[in-house]
Number of protein chains: 6
Amino acid sequence: MADIKIFAGGSGQAFARGMCSYLGVELRPAETIKFSEGNTYVKIGEHVRGEEVYLVQPIGGGAGAAANDDFVELLFWMDAFKRSGAKYVTAVIPYFSYGKGDKKDEPRVSIRARVVAESIELAGADRIIAMDLHAPQIQGFFKKPLDHLLARPLLARSIEAQCLEDLVIVSPDAGFAKSARKYASRLGLPVAIADKCRSCDDEKAEILDVIGEVRGRNAMIVDDFSISGGTLVALCRQLKARGAKRVYACLTHLPLSEAGIENIEGSDIEYVIATDSVPPRRPLDPGRFKIVSAAPLFAEVVRRMQERQAIGDLMESLPEGMLRDSRT
Amino acid sequence: MADIKIFAGGSGQAFARGMCSYLGVELRPAETIKFSEGNTYVKIGEHVRGEEVYLVQPIGGGAGAAANDDFVELLFWMDAFKRSGAKYVTAVIPYFSYGKGDKKDEPRVSIRARVVAESIELAGADRIIAMDLHAPQIQGFFKKPLDHLLARPLLARSIEAQCLEDLVIVSPDAGFAKSARKYASRLGLPVAIADKCRSCDDEKAEILDVIGEVRGRNAMIVDDFSISGGTLVALCRQLKARGAKRVYACLTHLPLSEAGIENIEGSDIEYVIATDSVPPRRPLDPGRFKIVSAAPLFAEVVRRMQERQAIGDLMESLPEGMLRDSRT
Amino acid sequence: MADIKIFAGGSGQAFARGMCSYLGVELRPAETIKFSEGNTYVKIGEHVRGEEVYLVQPIGGGAGAAANDDFVELLFWMDAFKRSGAKYVTAVIPYFSYGKGDKKDEPRVSIRARVVAESIELAGADRIIAMDLHAPQIQGFFKKPLDHLLARPLLARSIEAQCLEDLVIVSPDAGFAKSARKYASRLGLPVAIADKCRSCDDEKAEILDVIGEVRGRNAMIVDDFSISGGTLVALCRQLKARGAKRVYACLTHLPLSEAGIENIEGSDIEYVIATDSVPPRRPLDPGRFKIVSAAPLFAEVVRRMQERQAIGDLMESLPEGMLRDSRT
Amino acid sequence: MADIKIFAGGSGQAFARGMCSYLGVELRPAETIKFSEGNTYVKIGEHVRGEEVYLVQPIGGGAGAAANDDFVELLFWMDAFKRSGAKYVTAVIPYFSYGKGDKKDEPRVSIRARVVAESIELAGADRIIAMDLHAPQIQGFFKKPLDHLLARPLLARSIEAQCLEDLVIVSPDAGFAKSARKYASRLGLPVAIADKCRSCDDEKAEILDVIGEVRGRNAMIVDDFSISGGTLVALCRQLKARGAKRVYACLTHLPLSEAGIENIEGSDIEYVIATDSVPPRRPLDPGRFKIVSAAPLFAEVVRRMQERQAIGDLMESLPEGMLRDSRT
Amino acid sequence: MADIKIFAGGSGQAFARGMCSYLGVELRPAETIKFSEGNTYVKIGEHVRGEEVYLVQPIGGGAGAAANDDFVELLFWMDAFKRSGAKYVTAVIPYFSYGKGDKKDEPRVSIRARVVAESIELAGADRIIAMDLHAPQIQGFFKKPLDHLLARPLLARSIEAQCLEDLVIVSPDAGFAKSARKYASRLGLPVAIADKCRSCDDEKAEILDVIGEVRGRNAMIVDDFSISGGTLVALCRQLKARGAKRVYACLTHLPLSEAGIENIEGSDIEYVIATDSVPPRRPLDPGRFKIVSAAPLFAEVVRRMQERQAIGDLMESLPEGMLRDSRT
Amino acid sequence: MADIKIFAGGSGQAFARGMCSYLGVELRPAETIKFSEGNTYVKIGEHVRGEEVYLVQPIGGGAGAAANDDFVELLFWMDAFKRSGAKYVTAVIPYFSYGKGDKKDEPRVSIRARVVAESIELAGADRIIAMDLHAPQIQGFFKKPLDHLLARPLLARSIEAQCLEDLVIVSPDAGFAKSARKYASRLGLPVAIADKCRSCDDEKAEILDVIGEVRGRNAMIVDDFSISGGTLVALCRQLKARGAKRVYACLTHLPLSEAGIENIEGSDIEYVIATDSVPPRRPLDPGRFKIVSAAPLFAEVVRRMQERQAIGDLMESLPEGMLRDSRT
């Protein structure tokens, strides 16, 4: 497996290293410079002519909240690999923050996820690997094959590992109800559905109601991501008010703002389980944030791609080794 | 002329307002939001269906040194205007910092100016207006018509207005010699040529030599831009060592880093003349930095485009009114 | 307004005639032939060089259930208009059946809505007008401007006109809850949410639960479309079982199969309100199907496009005249 | 040869099975669903990442005369294969009914063959294999490589196998004269040329004249296809009137309409020889229609592609085994 | 009509001047330079921003037989007009020599007409005007609208004007029979059809036979073009041998090689009628070559385009004035 | 290495043969025909399905000064290889004369190098190999990978091999100073810089000045190419006037016009060293023109590409064998 060539963009260093570790390969050399004027510069550190390469770069949410830097750097990587004669370039994007810009929810705005998707393809990506995109339709914004990984098997196993009793899975809104139900079904647990109305441009949210029984139970809120922690904290309060015992949360992506981190730390949420798809803005309290690495999942997918094997079963259950490797 | 529709991106507010003032029109409403996660969001504030519109957005060098934010925001503007049914969208880019990435000066790097140019076109730009691009070949990275303005007539008139005596125009390297000679010829002054060797990835520079007589003369260094001020300050020292009296500089673009500002302020350079193509990172000492606005020049170009007139003569000499309006 | 040039494809004849009637213009001549071998042939009946034209063609659901014929015919129309030198071609697609193929809900399938969208653009469409697409993200499958009309103002006024008492708005699943709530809010009515699980490839559905009070009330189920009537009929049964008095349904699109028509006619649903976006497969019993025409809405949008006016307010409320004209 | 992966679209089942039988491989699993609303849905039944695949789908002429269904299904297959990561996708199109739409024979019509070709390529085809396209220029409507097979060697051998005496090859019009002459030359037979004037939009035809001697001879009419049988039957009558003894026909494609089948069955044509490129609308009387399979020819071409061998000689003569396998 | 802007490429000077004369406008300034190294350079001589422009450039056959120079120059014109901001650029190509490369008549060759067509579109052409393309399918090699003019009305009137008696129209091969029949029908004359077999790469031809009565008649051979005159001269000999009295020829395009001119001048052909679509290689004997100008036809088409009128009737009959203006 | 498949276009025969000789492979069969009408026709002489191929064709400067013929032929080769199913097609372009058209140095002209680059890519090139392009930015006109070879290591070794004493490297203008300095540094020699002003459209030049000491030294002028020899001859005169002893020149490309050859032969330049990137217009006097072959350099690059090795070190120093093979 020594010939799997994984490179990391500036924001993908840790995640890529996790992938390499699972695969037993070395991270390939690549250099990113940010000049004082603001320009980004990338340089591949070794010969790639005729190679299949993987470039790991989450977009958004990390230190500096630099979604745009991450995205533009990714464009330059794609171009650099193509101009260097790489045969097949896969953009590995564990977190894709512009997925939230997936529609015209107001007149005279851009469909940003399409713009970003198209630019990445124009710059040279032959394939994309992403996880839990904000809407499944975003795959259709890409023309190139996109492997859409699900964090659910990984996170569900992580919930199980907590050995919590009397648990009820809670969806924070009707839109996520279908996913919450899949979590519940996999774990053999009941489900409750809250419903909020979030206006898209100010990130505020208002809880309306909770459907399903939570009284006397421990609640595990599941969602795809949180920035300000607002929804989680308000829902936690609501659940407590309705008699829930302890409240936990389980998210795929954790692009928390500084205020978001404080918001959660100051709340009654026991802890948050999440993957490491977003490089953390600063070290997080491991008592409050239990991070499970998705790098082995991505690495296993890459391994199978390289060996022309199917990956569909990984959406259902994961090999034991992967779960062991996912502890961070 | 009330129907010229000028909009401003987040970094183009001041420049666009200068253009509107010259044209006697109001800046059209447009909103840019930068979310806490790092995502940029744009919204056009009025109906544009079937209209010809101008969106003003310099890329790079301003507060935050956010070239990538500027660029990505521009992509979203282009998409938003196109999806809103605008008939013809012109991207007005007074400063294009990625012009410096115009070639593969090392193996396995990206030609970043081409990536940026292509993405802007893909997102929807029908035409581009830019000024003093780092290399004239950059026009060829664009497929759409690009109007390439020259700051020279504006800056030469500004030099004249300083009424300096015994002036010699100094080019900081052989590559800029041709331009320096055009300045000198327009102003009826002698020229001297320094020659440096700049390595492209660390922004350091080393002065080698100065050709032409500077002893006993006042020296006006001309160049297209400066970030760190390094070349200017070193050349100033060199010129003084060779007997130059006072040393000035005249640049098209001023994307100075904080260190660059301090570097120049701490040097023997009397003052720097430059256009306002780059929004300043912080208020500059008007005694050390004499800013002449290029907004009237861009505005006049837009006016002529709208009226289907030629603009070629503006590369040679400027109407009186424009110069009056260019004082900032 | 005599210069608005509206043409109709084979499946858009009635709808286009409705639009022309609202606008007071004549439908332009255009001929569709279906050869015995299965090939479709189109011919524009008059000179269109340099003109802005509108071609009306719903895709899917009509007589013969010929979504593919409708789509391919649309491709040929786009090509014919472009090759004839039309300046700007708008595809008016009241119903877009392939909107349901908006994601990869299984491995190794096509994202059919993207394929259809891209082909339409490749064939020459400069703009698209559609209504209540299955997911708002579908706009992002198009690169060209797409005006996305909402049937809600029209249908809500139609519900009001029925003067039903004790009404509760019922969403057939969590995914439509947000829309149902908007109906309820506009009409000042309570809302209830059912939740079903539909597997995407066999059109079967299973009702799980109803949240919100329906006992003793008349229920108005709202949804975007129905083919087999299965969801509606099952939900109607469920609502009755829970004590609802009379049950009605209100849908944007009505691409009912023959079995679907019979299914509804044999059910306890009093009647179904819907627009005429889908040409009916056969004459429907006006007692059971109350059709309100969306042609005036589309026509008004076209009128404003032609006059470069905004259309956003039509998403909120409609001019009186339009409602009068919408009765079929 | 077990690694040649052949899949069949809904209309290509029989043909693909014939290819697999020649190659000794199994047809790969693939599922086509036509929903009651008219939408087509496709699903590949196995892993194809990194594979070279062949998808067999004739367009037009079969049961239901569903050229548009065949074409749209093909688009979805191409997209499904590409999105599933197939490395190289070849569309095998034994019959391409839209080849007849190869020019603007009237003003304001579409060049349908170009529209269809472009859409197939956009959807993802990397290569196309077709046979006896209506005009050789249609290859130029495709940008991707198209292997254009000729049925002539196959059909000529089939004519020989009939052991008919005193045969004259008859071209039904001047346009096919060149091909007819090649048949005659290969078989060492004389040629006669009829000339008709067919108006392109109503499929009617009128015989003008027959050049060359047919009196006392058996006539073998050769042509590329027939839908209504009109030309064949009228020409048969004409040939009889001029003293021909028995009349036969030999066509590449047989997209006969129901009326066409009856037309021929009711005529004096002894029998028609043709390939199986078009799936028959209903079982044909083997006494009147002698079908020779082109599947071995296509299969042999695929085999050679897979082994990077030339195929040009197959346009001249065929291996013995292939002819034996072509009997259906 | 002063605002019709016609420019001429290096090979289109005379033809463009003819168009301008018909329209009563002046030819716009444009400069072509051929450098000693072989590079071509073009420069538009006036402001074209926002204008609709027409660039006249036949490809091939003129002095120097410089099809490639003509074509490459055309590419540069398209690019120059687009980069100068012209709104709509029409390439007027009276003769398109690469039309002969319209198919793969051998393995492993290029479809040159498609390559040339695509490049012209990529370079910027918005529309093309051409005449009597070698095959009507060539329109389908272009994606942009192509107005395909027919020389037949012009040439038929020219034949009439010769007042020849006992005339029979002769097609030189079966492929041109359909066109010949249209000439005959328009002129009320009988038709005869020769048939030759031309191998595509060596321009040799061999006459096989003549069908139809020519004995005692004057023969007018009609064809689309001649390079070597070979077919014409051989057919003339054949016709004489079969008892024809005088033999004439009437061709759309006259890209005669030097040998071709001599060939015809040394033959029994009384004279050749042709349009001026190809600039003559050298002055031709007006007794042997009667040139009728197609410039008025092209000019009339341009006039109607500019005024958004239909042009279809010009394919049938021509205004009197145009015929008067077509005498050269 | 027998599987490296090198083909030659009409102008690349000698160069390609040199490459094959270095590699020990045979030149593959390929045929170019130029018809009397001016059309070019190309035909690949053997099966290339699934192969990586190299097509060698310098553009411009050779016999006939037929840059446009060379370029158009290259387009047809690309199309022919792609349509024949070649897997990866590399255009080997030792000399690219349109590199000089790399910017809009005047209003309303074309950026010809971009037009040519884009057309080559559209026609099918997957990769390009070129040498000493007129400006490094030209790489950015290509989207596909372009390997940009430098002649400097080869030419510097050739200068060394002349064993000239007291040598000074002379740059003919400021723009080439950087390159001249690299020559000097590699050879351990001093450098002098002349400066001229060349107007881009008439190829005339005027020498202004020489900086650096040349008196009493032998001067080696270095430049990238010469057409008329004008700059070289004038600079030679200037250097002699300033006391230089003997004057030599060393150029990458030698697209000399007939006048250029005579100009140099009649001058005081001892001899010119150059590569064979341009096929000579006629045999050159080997005493005045010392040609060193770049074919081994190109061949070595191809060899490494085929073996997926890096080529960067070849920009610095060359293997011994290559230099031996470069003697012509």
# chains A, B, ... in the order shown; residues from 1 in each chain; ligands from 1
>>> interface_residues(of="chain F", to="chain A", cutoff="10 Å", atoms="only C-alpha atoms", output="MDAnalysis selection string")
chainID F and resid 126:127 139:140 142:147 304:312
>>> residues_around(residues="Cys20 of chain A", least_positions_apart="6", cutoff="9 Å", atoms="only C-alpha atoms", output="list in words")
Ile4, Ile6, Glu26, Leu27, Ala295, Pro296 and Ala299 of chain A
>>> select_by_dssp(residues="segment 47-213 of chain F", states="strand (DSSP E or B)", output="NGL selection string")
:F and (52-56 or 59 or 88-93 or 96 or 109 or 127-131 or 146-149 or 167-171 or 191-196 or 207-211)
>>> write_last_selection(atoms="C-alpha atoms", output="mmCIF file, in the first residue's frame")
data_model
loop_
_atom_site.group_PDB
_atom_site.id
_atom_site.type_symbol
_atom_site.label_atom_id
_atom_site.label_comp_id
_atom_site.auth_asym_id
_atom_site.auth_seq_id
_atom_site.Cartn_x
_atom_site.Cartn_y
_atom_site.Cartn_z
ATOM 1 C CA GLU F 52 0.290 7.105 -25.463
ATOM 2 C CA VAL F 53 1.619 8.917 -28.513
ATOM 3 C CA TYR F 54 3.942 11.831 -29.251
ATOM 4 C CA LEU F 55 3.450 14.024 -32.303
ATOM 5 C CA VAL F 56 6.379 16.256 -33.214
ATOM 6 C CA ILE F 59 5.209 25.741 -35.580
ATOM 7 C CA TYR F 88 -2.875 10.249 -24.264
ATOM 8 C CA VAL F 89 -1.573 12.571 -26.934
ATOM 9 C CA THR F 90 1.447 14.778 -26.388
ATOM 10 C CA ALA F 91 2.140 17.590 -28.821
ATOM 11 C CA VAL F 92 5.889 18.095 -29.066
ATOM 12 C CA ILE F 93 6.409 21.658 -30.320
ATOM 13 C CA PHE F 96 6.242 27.936 -31.168
ATOM 14 C CA VAL F 109 -5.585 43.049 -31.743
ATOM 15 C CA ARG F 127 0.038 17.559 -22.877
ATOM 16 C CA ILE F 128 2.501 19.863 -24.615
ATOM 17 C CA ILE F 129 6.288 19.895 -24.627
ATOM 18 C CA ALA F 130 7.888 23.158 -25.707
ATOM 19 C CA MET F 131 11.202 24.943 -25.288
ATOM 20 C CA LEU F 146 3.041 21.930 -20.515
ATOM 21 C CA ASP F 147 6.611 20.832 -19.972
ATOM 22 C CA HIS F 148 8.759 23.866 -20.613
ATOM 23 C CA LEU F 149 12.296 22.855 -21.513
ATOM 24 C CA LEU F 167 34.455 35.929 -23.254
ATOM 25 C CA VAL F 168 31.725 38.276 -22.075
ATOM 26 C CA ILE F 169 28.046 37.282 -22.287
ATOM 27 C CA VAL F 170 25.960 40.067 -23.852
ATOM 28 C CA SER F 171 22.229 40.467 -23.465
ATOM 29 C CA VAL F 191 27.911 39.934 -18.454
ATOM 30 C CA ALA F 192 27.050 43.069 -20.405
ATOM 31 C CA ILE F 193 23.593 44.371 -21.192
ATOM 32 C CA ALA F 194 22.524 46.259 -24.270
ATOM 33 C CA ASP F 195 19.164 47.864 -24.472
ATOM 34 C CA LYS F 196 17.080 48.294 -27.554
ATOM 35 C CA ILE F 207 20.269 49.911 -30.157
ATOM 36 C CA LEU F 208 20.502 52.423 -27.365
ATOM 37 C CA ASP F 209 23.379 51.561 -25.127
ATOM 38 C CA VAL F 210 25.668 48.838 -23.745
ATOM 39 C CA ILE F 211 26.212 48.491 -20.025
#
>>> residues_around(residues="Asp285 of chain B", least_positions_apart="4", cutoff="10 Å", atoms="only C-alpha atoms", output="list in words")
Ile261, Glu265, Tyr271, Phe289 and Lys290 of chain B
>>> atom_distance(atom1="atom CA of Pro94 of chain B", atom2="atom CA of Leu297 of chain B")
10.5 Å
>>> residues_around(residues="Leu284 of chain E", least_positions_apart="4", cutoff="12 Å", atoms="only C-alpha atoms", output="JSON, numbers by chain")
{"E": [254, 256, 257, 258, 260, 261, 262, 264, 265, 271, 272, 273, 274, 276, 279, 280, 288, 289, 290, 291]}
>>> select_by_dssp(residues="segment 28-157 of chain A", states="helix (DSSP H, G or I)", output="VMD selection string")
chain A and resid 63 to 65 67 to 83 97 to 100 112 to 123 136 to 141 152 to 157
>>> decode(residues="segment 309-320 of chain B", atoms="all heavy atoms", output="mmCIF file, in the first residue's frame")
data_model
loop_
_atom_site.group_PDB
_atom_site.id
_atom_site.type_symbol
_atom_site.label_atom_id
_atom_site.label_comp_id
_atom_site.auth_asym_id
_atom_site.auth_seq_id
_atom_site.Cartn_x
_atom_site.Cartn_y
_atom_site.Cartn_z
ATOM 1 N N GLN B 309 -18.038 54.337 -26.487
ATOM 2 C CA GLN B 309 -16.951 55.156 -27.025
ATOM 3 C C GLN B 309 -15.612 54.454 -26.796
ATOM 4 O O GLN B 309 -15.490 53.597 -25.934
ATOM 5 C CB GLN B 309 -16.918 56.524 -26.323
ATOM 6 C CG GLN B 309 -18.161 57.370 -26.540
ATOM 7 C CD GLN B 309 -18.142 58.608 -25.672
ATOM 8 O OE1 GLN B 309 -17.200 58.833 -24.922
ATOM 9 N NE2 GLN B 309 -19.196 59.402 -25.771
ATOM 10 N N ALA B 310 -14.611 54.894 -27.547
ATOM 11 C CA ALA B 310 -13.275 54.334 -27.401
ATOM 12 C C ALA B 310 -12.632 54.852 -26.121
ATOM 13 O O ALA B 310 -12.972 55.922 -25.615
ATOM 14 C CB ALA B 310 -12.418 54.708 -28.608
ATOM 15 N N ILE B 311 -11.685 54.081 -25.577
ATOM 16 C CA ILE B 311 -11.006 54.514 -24.365
ATOM 17 C C ILE B 311 -9.496 54.605 -24.559
ATOM 18 O O ILE B 311 -8.767 54.979 -23.664
ATOM 19 C CB ILE B 311 -11.288 53.542 -23.200
ATOM 20 C CG1 ILE B 311 -10.763 52.139 -23.531
ATOM 21 C CG2 ILE B 311 -12.761 53.479 -22.870
ATOM 22 C CD1 ILE B 311 -10.671 51.240 -22.310
ATOM 23 N N GLY B 312 -9.032 54.266 -25.751
ATOM 24 C CA GLY B 312 -7.596 54.170 -25.989
ATOM 25 C C GLY B 312 -6.842 55.447 -25.640
ATOM 26 O O GLY B 312 -5.738 55.399 -25.076
ATOM 27 N N ASP B 313 -7.438 56.598 -25.918
ATOM 28 C CA ASP B 313 -6.717 57.844 -25.674
ATOM 29 C C ASP B 313 -6.459 58.063 -24.181
ATOM 30 O O ASP B 313 -5.542 58.792 -23.814
ATOM 31 C CB ASP B 313 -7.492 59.020 -26.259
ATOM 32 C CG ASP B 313 -8.883 59.116 -25.668
ATOM 33 O OD1 ASP B 313 -9.606 58.097 -25.700
ATOM 34 O OD2 ASP B 313 -9.252 60.185 -25.158
ATOM 35 N N LEU B 314 -7.264 57.436 -23.323
ATOM 36 C CA LEU B 314 -7.050 57.589 -21.879
ATOM 37 C C LEU B 314 -5.746 56.940 -21.439
ATOM 38 O O LEU B 314 -5.265 57.178 -20.331
ATOM 39 C CB LEU B 314 -8.205 56.971 -21.091
ATOM 40 C CG LEU B 314 -9.554 57.678 -21.220
ATOM 41 C CD1 LEU B 314 -10.623 56.879 -20.503
ATOM 42 C CD2 LEU B 314 -9.470 59.088 -20.653
ATOM 43 N N MET B 315 -5.193 56.086 -22.278
ATOM 44 C CA MET B 315 -3.898 55.493 -21.952
ATOM 45 C C MET B 315 -2.776 56.512 -22.214
ATOM 46 O O MET B 315 -1.649 56.330 -21.786
ATOM 47 C CB MET B 315 -3.639 54.225 -22.787
ATOM 48 C CG MET B 315 -4.687 53.142 -22.642
ATOM 49 S SD MET B 315 -5.002 52.621 -20.936
ATOM 50 C CE MET B 315 -6.717 53.160 -20.729
ATOM 51 N N GLU B 316 -3.116 57.576 -22.947
ATOM 52 C CA GLU B 316 -2.097 58.571 -23.287
ATOM 53 C C GLU B 316 -2.204 59.827 -22.423
ATOM 54 O O GLU B 316 -1.253 60.258 -21.799
ATOM 55 C CB GLU B 316 -2.209 58.943 -24.778
ATOM 56 C CG GLU B 316 -1.931 57.767 -25.706
ATOM 57 C CD GLU B 316 -0.601 57.096 -25.408
ATOM 58 O OE1 GLU B 316 0.352 57.813 -25.080
ATOM 59 O OE2 GLU B 316 -0.525 55.851 -25.482
ATOM 60 N N SER B 317 -3.402 60.420 -22.397
ATOM 61 C CA SER B 317 -3.536 61.638 -21.594
ATOM 62 C C SER B 317 -4.940 61.690 -21.019
ATOM 63 O O SER B 317 -5.861 61.064 -21.534
ATOM 64 C CB SER B 317 -3.278 62.870 -22.451
ATOM 65 O OG SER B 317 -4.320 62.989 -23.397
ATOM 66 N N LEU B 318 -5.098 62.445 -19.979
ATOM 67 C CA LEU B 318 -6.357 62.430 -19.256
ATOM 68 C C LEU B 318 -7.026 63.789 -19.318
ATOM 69 O O LEU B 318 -6.360 64.824 -19.367
ATOM 70 C CB LEU B 318 -6.098 62.064 -17.797
ATOM 71 C CG LEU B 318 -5.341 60.743 -17.621
ATOM 72 C CD1 LEU B 318 -5.028 60.528 -16.164
ATOM 73 C CD2 LEU B 318 -6.152 59.597 -18.177
ATOM 74 N N PRO B 319 -8.340 63.820 -19.311
ATOM 75 C CA PRO B 319 -9.049 65.105 -19.264
ATOM 76 C C PRO B 319 -8.724 65.841 -17.966
ATOM 77 O O PRO B 319 -8.485 65.219 -16.934
ATOM 78 C CB PRO B 319 -10.532 64.702 -19.306
ATOM 79 C CG PRO B 319 -10.612 63.233 -19.373
ATOM 80 C CD PRO B 319 -9.246 62.659 -19.359
ATOM 81 N N GLU B 320 -8.758 67.143 -18.047
ATOM 82 C CA GLU B 320 -8.419 67.967 -16.885
ATOM 83 C C GLU B 320 -9.270 67.613 -15.663
ATOM 84 O O GLU B 320 -8.782 67.407 -14.564
ATOM 85 C CB GLU B 320 -8.605 69.452 -17.214
ATOM 86 C CG GLU B 320 -7.369 70.102 -17.785
ATOM 87 C CD GLU B 320 -6.099 69.783 -16.993
ATOM 88 O OE1 GLU B 320 -6.066 70.034 -15.779
ATOM 89 O OE2 GLU B 320 -5.130 69.239 -17.601
#
